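A.B. asks: Handing you a structure now.
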Amino acid sequence: MSDERVKLLEEKVQHLEFKLDLMFHDSNINRVLYEYNITKSQYNEIMNLMDEIRDRIDRNEEVSNVEYETRIYEITGNEGDYHLAEYIVKAFWEDERWENVFPALYGDFPKYKHIISEKDGN
């Protein structure tokens, strides 16, 4: 078996292990990652992006949902699927991770105002 084929098989096994882990640790974000077939390395990049956006928010710098969505497309290769970007940040918010990012990116969207204010207790 060629080295390239072995490497490909190793990558497949790692991805399957990651997907099994997602299934066993049920959460909102894990369901999104599983459904969209996100790899572990993509997930790590997404978490780095979430950290970056949170830090920008903490420094009172402007953040944009368009920029965020573009970065998610670059990471995942799911270009044009803005739902994926929304689902990811919303799932983190629902899981109480990077809680300030979702409202900062999508809080002005009419479809999300109610659930955000409801979660904030308003």
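All residue names refer to the structure tokens as shown: chains lettered A, B, ... in order, residues numbered from 1 in each chain, ligands numbered from 1 in order.
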Set the distance at 12 Å and use only C-alpha atoms: which residues neighbour Ile115 in chain A once local chain neighbours fewer than 3 positions away are removed? I'd like the list as a ChimeraX atom specification.

C.D. replies: /A:90,93-94,102-103,106-112,118-122

A.B. asks: Keeping only all heavy atoms, write those residues as a compact mmCIF listing (two decimals), in the first residue's frame.

C.D. replies:
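File written: result.txt
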```
# COMPACT_ATOMS: atom_id res chain seq x y z
N LYS A 90 -24.72 30.33 16.70
CA LYS A 90 -25.92 30.18 17.52
C LYS A 90 -25.80 28.95 18.43
O LYS A 90 -26.17 28.99 19.60
CB LYS A 90 -27.17 30.09 16.64
CG LYS A 90 -28.47 30.03 17.42
CD LYS A 90 -29.65 30.08 16.46
CE LYS A 90 -30.97 29.98 17.19
NZ LYS A 90 -31.39 28.61 17.42
N TRP A 93 -23.58 29.73 21.29
CA TRP A 93 -24.33 30.60 22.21
C TRP A 93 -25.30 29.78 23.05
O TRP A 93 -25.38 29.96 24.27
CB TRP A 93 -25.05 31.66 21.38
CG TRP A 93 -25.95 32.58 22.12
CD1 TRP A 93 -25.58 33.60 22.97
CD2 TRP A 93 -27.38 32.61 22.08
NE1 TRP A 93 -26.70 34.24 23.44
CE2 TRP A 93 -27.81 33.65 22.91
CE3 TRP A 93 -28.32 31.85 21.40
CZ2 TRP A 93 -29.16 33.95 23.08
CZ3 TRP A 93 -29.65 32.15 21.56
CH2 TRP A 93 -30.06 33.19 22.41
N GLU A 94 -26.03 28.86 22.41
CA GLU A 94 -26.97 28.01 23.13
C GLU A 94 -26.26 27.11 24.13
O GLU A 94 -26.82 26.77 25.18
CB GLU A 94 -27.79 27.16 22.14
CG GLU A 94 -28.75 27.97 21.31
CD GLU A 94 -29.35 27.20 20.16
OE1 GLU A 94 -28.76 26.19 19.70
OE2 GLU A 94 -30.41 27.63 19.69
N PHE A 102 -22.59 35.66 19.36
CA PHE A 102 -23.84 35.57 18.59
C PHE A 102 -24.63 36.87 18.64
O PHE A 102 -25.01 37.41 17.59
CB PHE A 102 -24.67 34.37 19.06
CG PHE A 102 -26.00 34.24 18.37
CD1 PHE A 102 -26.08 33.98 17.01
CD2 PHE A 102 -27.18 34.39 19.08
CE1 PHE A 102 -27.32 33.85 16.37
CE2 PHE A 102 -28.40 34.27 18.46
CZ PHE A 102 -28.48 34.00 17.11
N PRO A 103 -24.89 37.44 19.84
CA PRO A 103 -25.63 38.70 19.86
C PRO A 103 -24.90 39.85 19.14
O PRO A 103 -25.54 40.69 18.51
CB PRO A 103 -25.78 39.02 21.35
CG PRO A 103 -25.62 37.72 22.04
CD PRO A 103 -24.67 36.92 21.19
N TYR A 106 -25.40 38.85 15.26
CA TYR A 106 -26.75 38.67 14.73
C TYR A 106 -27.84 39.29 15.60
O TYR A 106 -29.02 39.10 15.32
CB TYR A 106 -27.04 37.17 14.53
CG TYR A 106 -26.15 36.56 13.48
CD1 TYR A 106 -25.02 35.83 13.83
CD2 TYR A 106 -26.43 36.72 12.13
CE1 TYR A 106 -24.19 35.27 12.86
CE2 TYR A 106 -25.62 36.17 11.15
CZ TYR A 106 -24.50 35.45 11.52
OH TYR A 106 -23.68 34.91 10.56
N GLY A 107 -27.48 40.03 16.62
CA GLY A 107 -28.47 40.60 17.53
C GLY A 107 -29.41 41.60 16.89
O GLY A 107 -30.51 41.80 17.39
N ASP A 108 -29.01 42.20 15.79
CA ASP A 108 -29.87 43.17 15.11
C ASP A 108 -30.80 42.51 14.09
O ASP A 108 -31.65 43.17 13.51
CB ASP A 108 -29.03 44.23 14.39
CG ASP A 108 -28.32 45.15 15.37
OD1 ASP A 108 -28.80 45.28 16.51
OD2 ASP A 108 -27.29 45.73 14.99
N PHE A 109 -30.66 41.21 13.89
CA PHE A 109 -31.52 40.51 12.94
C PHE A 109 -32.88 40.27 13.60
O PHE A 109 -32.95 39.69 14.69
CB PHE A 109 -30.91 39.16 12.56
CG PHE A 109 -29.78 39.23 11.56
CD1 PHE A 109 -28.73 40.12 11.72
CD2 PHE A 109 -29.76 38.38 10.48
CE1 PHE A 109 -27.69 40.18 10.82
CE2 PHE A 109 -28.72 38.43 9.56
CZ PHE A 109 -27.69 39.33 9.74
N PRO A 110 -33.96 40.71 12.95
CA PRO A 110 -35.29 40.53 13.54
C PRO A 110 -35.59 39.09 13.95
O PRO A 110 -36.21 38.86 14.99
CB PRO A 110 -36.24 40.99 12.43
CG PRO A 110 -35.42 41.95 11.63
CD PRO A 110 -34.02 41.42 11.68
N LYS A 111 -35.12 38.12 13.19
CA LYS A 111 -35.45 36.73 13.51
C LYS A 111 -34.77 36.24 14.79
O LYS A 111 -35.17 35.20 15.32
CB LYS A 111 -35.11 35.80 12.34
CG LYS A 111 -33.63 35.68 12.02
CD LYS A 111 -33.44 34.75 10.82
CE LYS A 111 -31.99 34.64 10.41
NZ LYS A 111 -31.84 33.75 9.25
N TYR A 112 -33.77 36.96 15.28
CA TYR A 112 -33.07 36.54 16.49
C TYR A 112 -33.32 37.43 17.70
O TYR A 112 -32.96 37.07 18.82
CB TYR A 112 -31.57 36.44 16.23
CG TYR A 112 -31.20 35.33 15.28
CD1 TYR A 112 -30.41 35.59 14.17
CD2 TYR A 112 -31.63 34.02 15.48
CE1 TYR A 112 -30.07 34.57 13.28
CE2 TYR A 112 -31.29 33.01 14.61
CZ TYR A 112 -30.51 33.29 13.52
OH TYR A 112 -30.17 32.29 12.64
N GLU A 118 -34.97 36.95 25.22
CA GLU A 118 -35.53 35.93 26.10
C GLU A 118 -34.44 35.26 26.94
O GLU A 118 -34.60 35.07 28.14
CB GLU A 118 -36.26 34.87 25.27
CG GLU A 118 -37.07 33.88 26.05
CD GLU A 118 -37.83 32.94 25.15
OE1 GLU A 118 -38.90 33.34 24.67
OE2 GLU A 118 -37.32 31.82 24.89
N LYS A 119 -33.32 34.95 26.32
CA LYS A 119 -32.21 34.31 27.04
C LYS A 119 -31.58 35.30 28.04
O LYS A 119 -31.14 34.90 29.10
CB LYS A 119 -31.14 33.79 26.08
CG LYS A 119 -30.08 32.98 26.80
CD LYS A 119 -29.16 32.27 25.85
CE LYS A 119 -28.14 31.47 26.63
NZ LYS A 119 -27.19 30.80 25.79
N ASP A 120 -31.57 36.57 27.66
CA ASP A 120 -31.01 37.58 28.56
C ASP A 120 -31.98 37.92 29.69
O ASP A 120 -31.64 38.73 30.56
CB ASP A 120 -30.66 38.87 27.79
CG ASP A 120 -29.46 38.70 26.88
OD1 ASP A 120 -28.69 37.73 27.09
OD2 ASP A 120 -29.28 39.53 25.97
N GLY A 121 -33.18 37.35 29.65
CA GLY A 121 -34.16 37.59 30.71
C GLY A 121 -34.98 38.85 30.54
O GLY A 121 -35.57 39.35 31.47
N ASN A 122 -35.01 39.39 29.34
CA ASN A 122 -35.78 40.62 29.07
C ASN A 122 -37.14 40.28 28.50
O ASN A 122 -37.39 39.44 27.79
CB ASN A 122 -35.03 41.52 28.07
CG ASN A 122 -33.70 41.97 28.65
OD1 ASN A 122 -33.56 42.15 29.84
ND2 ASN A 122 -32.73 42.14 27.79
```

A.B. asks: Give me the residues near Asp51 in chain A as a count of residues only, where near means some atom within 12 Å (using only C-alpha atoms) and where sequence neighbours in that chain fewer than 6 positions away do not count.

C.D. replies: 12

A.B. asks: When you count only C-alpha atoms, which of these residues is closest to Gly77 in chain A: A:Leu20, A:His114, A:Arg59, A:Thr39?

C.D. replies: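 Smallest separation from Gly77 in chain A among the options: A:Thr39.
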
A.B. asks: From the list A:Tyr34, A:Ser117, A:Ile29, A:Ala104, which residue is nearest Ser64 in chain A when using only C-alpha atoms?

C.D. replies: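 The closest residue to Ser64 in chain A is A:Ala104.
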
A.B. asks: What is the CA of Lys40 in chain A-CA of Glu11 in chain A distance in Å, reported with one decimal?

C.D. replies: 10.4 Å

A.B. asks: Grab the CA of Phe24 in chain A to CA of Ile46 in chain A distance for me, in Å with one decimal place.

C.D. replies: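 Straight-line distance from CA of Phe24 in chain A to CA of Ile46 in chain A works out to 20.5 Å.
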
A.B. asks: Considering only C-alpha atoms, state which residue in the set A:Arg54, A:Lys113, A:Leu8, A:Tyr36 is at the smallest distance from Ala85 in chain A.

C.D. replies: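 Closest to Ala85 in chain A, using only C-alpha atoms: A:Tyr36.
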
A.B. asks: What residues in range 1-119 of chain A get the DSSP label alpha helix (DSSP H)? Please answer as JSON, numbers by chain.

C.D. replies: {"A": [3, 4, 5, 6, 7, 8, 9, 10, 11, 12, 13, 14, 15, 16, 17, 18, 19, 20, 21, 22, 23, 24, 28, 29, 30, 31, 32, 33, 34, 35, 40, 41, 42, 43, 44, 45, 46, 47, 48, 49, 50, 51, 52, 53, 54, 55, 56, 57, 58, 65, 66, 67, 68, 69, 70, 71, 72, 73, 74, 75, 76, 82, 83, 84, 85, 86, 87, 88, 89, 90, 91, 92, 93, 94, 101, 102, 103, 104, 105, 106, 110, 111, 112, 113, 114, 115, 116, 117, 118, 119]}

A.B. asks: What's the separation between CA of Ser41 in chain A and CA of Thr70 in chain A, in Å to one decimal place?

C.D. replies: 17.6 Å
